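To start, the structure under review is shown below, and the notes come after it.
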Amino acid sequence: MKRKLFTYCFFMLTMFWPQNWLFSQTRTIDSLLVLLSKDKADTVQVLHLLQLCREYRKAGIHDKGLKYSNKAILVSSSIKVGMQTGWLKGISTAYTYKGNIYLDLSNYSEALTNYHSGLKIAKINKDKNTIAEINNQIATIYYYLSNYAEALNYYTIALETGLEANNKKITADACNNIGNVYYLQGDYEAALKNYIVSLNIGKQINNKDIEASAYINIGNIYQLQNNSSDALANFREALKIRIEQKEKYGVANCYNNIGYIYFSKNDFTSALQNYNLALKIAEDINNVQLVAISALNMGNVYATQGNYSAALVNFSRTADIYEKVENKFGLATAYINISDVLGKENKTEEARKYILLALDISKAIGSKELIQNSYYSLSISDSTMGKWNEAYQHHKLYLLYKDSINNEESKKKTLQATMTFEFKKREAQTKAEQEKKDAVEAAEREKQQLVLLLISFVLILLLVFVFFIFRSLKSARQQKFIIQEKNKDIIDSINYAKHIQDALLRNEEHISEKLHKHFVMFKPKDIVSGDFYWSIEKQEHWYFAVADCTGHGVPGGFMSMLGIAFLNEITATEQLLSPAQILEQLRAKIVKELGQDEKESQSKDGMDISLIRLNLKTNELQWAGANTPLFYIQNGELSVLKADKQPIGYYTNMKAFTNHTLNKTAGTTIYLHTDGYADQFGGDKGKKFMQKNLKELLLKIHSKPLEEQKEILTSTFEKWKSQLAQVDDVCIAGIKI
């Protein structure tokens with residue numbers, strides 16, 4: 001039976017549960033309640049309220065935790081700090097703690113609401129540490145929902161903010177969480193690199209919690225390589241720390257992990273014993289994710305023993321939980337296991353239904369391992385039903401994904417990264433031994449120097465000459481190596497900046513039944529782009545913009561990310577702004593934040609932009625542009641709305657932007673663009689493509705399907721450019737109303 005054990009990357013080993021933890025926690029709560037009864041409504045009282053909230057959460061008493069987090073918000077809001085009312089740090093922290101409790105309860109909508117409230121206050125307070133922590137928690141929700149792209153986006157924001165604040169704990173946490181995302185996507189090499197970074201930072205700052213998490217995850221990688229001894233060594237290191245922390249959630253994971261080790265060794269009695277202990281703790285602290293994991297693990301043991309009825313009870317319980325909390329990875333895993341058990345019971349049709357559901361979910365979340373397992377189970381089901389051709393095709397797909405996952409080169413790189421971890425542990429000892437050896441050799445060399453004094457003066461000069469030549473050559477080689485390393489670091493940094501920029505750009509395939517059909521042709525000149533597109537839906541209106549920032553490459557990339565951030569901030573209010581009003585506010589922010597004024601030495605960076613607002617009910621179109629016109633085609637005729645001849649940025653003769661309105665737009669195709677396409681050199685004479693030719697091309701293809709228009713624009717651009725270099729970033733968007 002092909003079955004995937006689902007443990008969420010948490011493996012640890014322990015053998016006992018300290019019985020005095022709850023007593024110790026109760027004493028702490030009682031002490032805090034005594035202090036609280038004597039407190040005045042000040043910051044000290046808020047700190048006591050927050051600590052009570054945290055202690056009740058650790059004890060699994062969530063209603064009390066919510067009570068004291070709400071009280072902390074009220075007291076913090078009433079405290080006068082300087083000339084203002086409200087202690088912002090207390091408010092943002094209280095909202096964060098409240099979100100943490102809802103996260104424990106798997107109430108993700110309430111958790112997100114509170115996290116975003118805390119994030120808004122933290123931004124006002126410019127508290128980078130809290131901003132990073134909240135982004136980390138928001139990412140965790142998307143992680144549980146199997147939305148790995150959003151999870152990676154928010155974890156990356158947490159990492160960047162932690163680095164800016166020089167907060168090593170937050171940086172280490174973010175690296176560990178990023179590793180978890182890569183792990184669930186099957187990219188074990190990237191996961192291991194992030195785990196090792198997290199472990200090293202944890203040791204630097206002596207943060208045992210970070211060390212424990214990293215040890216667990218590194219042990220998980222060893223487990224994937226069937227290296228049980230090294231996996232257990234890492235789990236035991238984590239175990240020592242978790243016992244000292246007296247943390248129930250970690251202990252439950254310990255029992256699950258030790259159960260997994262016993263299960264892999266076919267010691268089913270010990271495996272079930274530990275899984276049951278984990279389940280009891282999970283139910284005690286009311287953590288449904290842990291309940292699901294423990295039940296799934298127990299189901300795997302029963303299925304292997306042939307106790308199919310007990311296996312189905314546990315797998316069904318797991319599926320119900322994961323469907324309720326929208327954990328797609330866990331739900332697909334449960335469906336695969338249910339299908340396998342039903343197949344063993346010769347319930348072929350019912351088994352096939354579950355495996356097809358699992359395959360659809362696995363493809364949706366992009367999990368190679370789950371897709372592989374789904375195809376394997378599907379091929380078995382087909383064979384049982386006599387569908388030999390389908391069984392053969394599904395088995396081929398299973399082997400294809402299996403080969404992709406087990407690629408030997410990927411394994412080799414993963415092992416090399418693992419050895420790097422082991423090497424650093426021995427590095428200090430090796431260095432000390434080498435220094436002792438060098439000291440002995442130095443003494444021997446001093447004796448030899450007495451003999452060398454007898455050698456002729458000419459020979460000494462020759463040796464000195466050779467020595468200087470050798471040192472010069474060595475220095476040249478070292479400089480070459482340093483230059484190569486610096487170049488690599490620069491390229492890696494730019495690639496990472498592209499990753500961040502890609503996360504900020506909205507997907508051109510918007511998932512909304514209300515939006516009109518559209519396409520985006522986006523072709524950066526360099527790794528990162530100075531062009532960008534942006535959109536948002538708000539109050540039955542759709543905003544869409546295409547912009548060209550000053551420069552391209554890294555400078556342009558920074559400006560584009562700044563532009564996206566400002567547009568999101570401007571449209572975050574309840575007010576429905578016109579395109580011209582948005583451009584006015586965007587220009588004001590650029591001028592202010594870049595310190596632009598009349599002085600020649602000041603920054604003159606900015607952007608050209610074309611921005612529409614489309615009423616999704618009436619099709620009324622409003623538009624404003626800075627140095628970039630709007631093309632629209634009605635009844636086979638191309639018309640142009642002229643932009644204001646001024647950029648988004650400082651300009652010597654700044655005027656209000658003009659707001660244009662088109663009411664009769666049904667059947668109209670509009671095009672927003674930057675100047676990169678028209679300015680590209682190419683053709684037989686190496687000249688620019690020109691706006692005139694772009695208009696003729698759009699008029700020629702406007703009646704074709706939008707996806708075909710995009711393909712024609714792309715192929716025409718490549719053919720025109722031919723062997724010449726691309727001169728600028730290119731972005732064209734077409735919308736059919």
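Letters for chains follow the order of the structure tokens (A, B, ...), residue numbers begin at 1 for each chain, and ligand numbers begin at 1 in the order shown.
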Residues of region 573-676 of chain A in strand (DSSP E or B), written as a PyMOL selection string: chain A and resi 607-615+621-626+630-634+637-641+644+648+660-662+669-673
How would the residues just picked look written out with C-alpha atoms as an mmCIF file, in the first residue's frame?
data_model
loop_
_atom_site.group_PDB
_atom_site.id
_atom_site.type_symbol
_atom_site.label_atom_id
_atom_site.label_comp_id
_atom_site.auth_asym_id
_atom_site.auth_seq_id
_atom_site.Cartn_x
_atom_site.Cartn_y
_atom_site.Cartn_z
ATOM 1 C CA MET A 607 7.240 57.213 -13.237
ATOM 2 C CA ASP A 608 4.867 57.509 -16.197
ATOM 3 C CA ILE A 609 1.538 55.780 -15.654
ATOM 4 C CA SER A 610 -1.803 54.975 -17.290
ATOM 5 C CA LEU A 611 -4.652 54.239 -14.825
ATOM 6 C CA ILE A 612 -8.292 53.245 -15.442
ATOM 7 C CA ARG A 613 -11.332 52.812 -13.188
ATOM 8 C CA LEU A 614 -14.026 50.614 -14.733
ATOM 9 C CA ASN A 615 -17.552 50.401 -13.281
ATOM 10 C CA LEU A 621 -14.645 54.018 -17.857
ATOM 11 C CA GLN A 622 -12.598 56.758 -16.180
ATOM 12 C CA TRP A 623 -8.941 57.267 -17.048
ATOM 13 C CA ALA A 624 -5.998 59.510 -16.245
ATOM 14 C CA GLY A 625 -2.424 59.354 -17.513
ATOM 15 C CA ALA A 626 0.982 60.824 -16.811
ATOM 16 C CA LEU A 630 -4.647 55.404 -23.642
ATOM 17 C CA PHE A 631 -5.538 53.621 -26.903
ATOM 18 C CA TYR A 632 -9.124 52.378 -27.391
ATOM 19 C CA ILE A 633 -10.824 50.821 -30.398
ATOM 20 C CA GLN A 634 -14.567 51.248 -31.091
ATOM 21 C CA GLU A 637 -11.539 52.795 -35.302
ATOM 22 C CA LEU A 638 -8.603 53.482 -32.979
ATOM 23 C CA SER A 639 -8.784 56.597 -30.802
ATOM 24 C CA VAL A 640 -6.306 58.096 -28.361
ATOM 25 C CA LEU A 641 -6.879 59.788 -25.003
ATOM 26 C CA ASP A 644 -0.986 65.043 -19.146
ATOM 27 C CA ILE A 648 4.603 61.155 -11.318
ATOM 28 C CA HIS A 660 -11.326 61.487 -18.683
ATOM 29 C CA THR A 661 -14.663 59.608 -18.853
ATOM 30 C CA LEU A 662 -16.042 57.205 -21.506
ATOM 31 C CA THR A 669 -11.096 47.217 -26.485
ATOM 32 C CA ILE A 670 -8.662 49.404 -24.518
ATOM 33 C CA TYR A 671 -4.876 49.158 -24.341
ATOM 34 C CA LEU A 672 -2.593 50.458 -21.581
ATOM 35 C CA HIS A 673 1.109 50.401 -22.365
#
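Residues in contact range of Ala151 (chain A), defined as at most 6 Å between only C-alpha atoms, with sequence neighbours fewer than 6 positions away removed, read A:Ala139, A:Tyr142, A:Tyr143.
Atom to atom, CA of Asp728 (chain A) and CA of Tyr677 (chain A) stand 8.0 Å apart.
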Shell of 6 Å around region 552-561 of chain A, only C-alpha atoms, local chain residues under 5 positions omitted, as a VMD selection string: chain A and resid 526 528 to 530
Print the selection's residues with C-alpha atoms to a file, as an mmCIF file, in the first residue's frame.
data_model
loop_
_atom_site.group_PDB
_atom_site.id
_atom_site.type_symbol
_atom_site.label_atom_id
_atom_site.label_comp_id
_atom_site.auth_asym_id
_atom_site.auth_seq_id
_atom_site.Cartn_x
_atom_site.Cartn_y
_atom_site.Cartn_z
ATOM 1 C CA ASP A 526 16.814 42.734 -17.011
ATOM 2 C CA VAL A 528 14.053 42.940 -12.314
ATOM 3 C CA SER A 529 11.790 45.423 -14.072
ATOM 4 C CA GLY A 530 11.124 49.146 -13.949
#
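Residues lying within 9 Å of Leu342 (chain A), counting only C-alpha atoms and ignoring same-chain neighbours fewer than 5 positions away, are Tyr308, Leu312, Asn337, Lys347, Thr348, Glu349, Glu350, Ala351 and Arg352 of chain A.
All residues of protein, DNA or RNA that reach within 8 Å of Arg587 (chain A), judged by only C-alpha atoms and not counting those fewer than 4 positions away in the chain, are Leu583, Val591, Ile648, Gly649 and Tyr650 of chain A.
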12 Å contact set for region 103-106 of chain A, only C-alpha atoms, chain neighbours under 6 positions out, as a PyMOL selection string: chain A and resi 57-63+65-66+96-97+112-115+137-145+249+282-283+285-291+321-327
Quick one: residues within 7 Å of region 174-187 of chain A, only C-alpha atoms counted, chain neighbours fewer than 4 positions away excluded, as a CSV table (one decimal) with C-alpha atoms, in the first residue's frame?
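Result file follows (around11.csv):
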chain,number,residue,atom,x,y,z
A,9,CYS,CA,7.7,18.5,9.2
A,136,ASN,CA,5.0,35.8,10.1
A,148,TYR,CA,2.1,28.4,-0.4
A,152,LEU,CA,6.1,32.5,1.1
A,155,TYR,CA,7.3,35.0,5.3
A,158,ALA,CA,8.8,39.1,7.7
A,159,LEU,CA,12.4,38.1,6.9
A,170,ILE,CA,12.6,37.1,13.8
A,191,ALA,CA,14.3,23.8,2.8
A,192,LEU,CA,17.5,22.4,4.4
A,194,ASN,CA,16.9,27.7,5.4
A,195,TYR,CA,16.8,25.3,8.4
A,197,VAL,CA,20.6,29.3,8.6
A,198,SER,CA,17.9,29.3,11.3
A,214,ALA,CA,15.7,23.8,13.5
A,367,SER,CA,2.5,19.0,-4.3
A,368,LYS,CA,4.6,16.7,-6.4
A,369,GLU,CA,4.6,14.0,-3.7
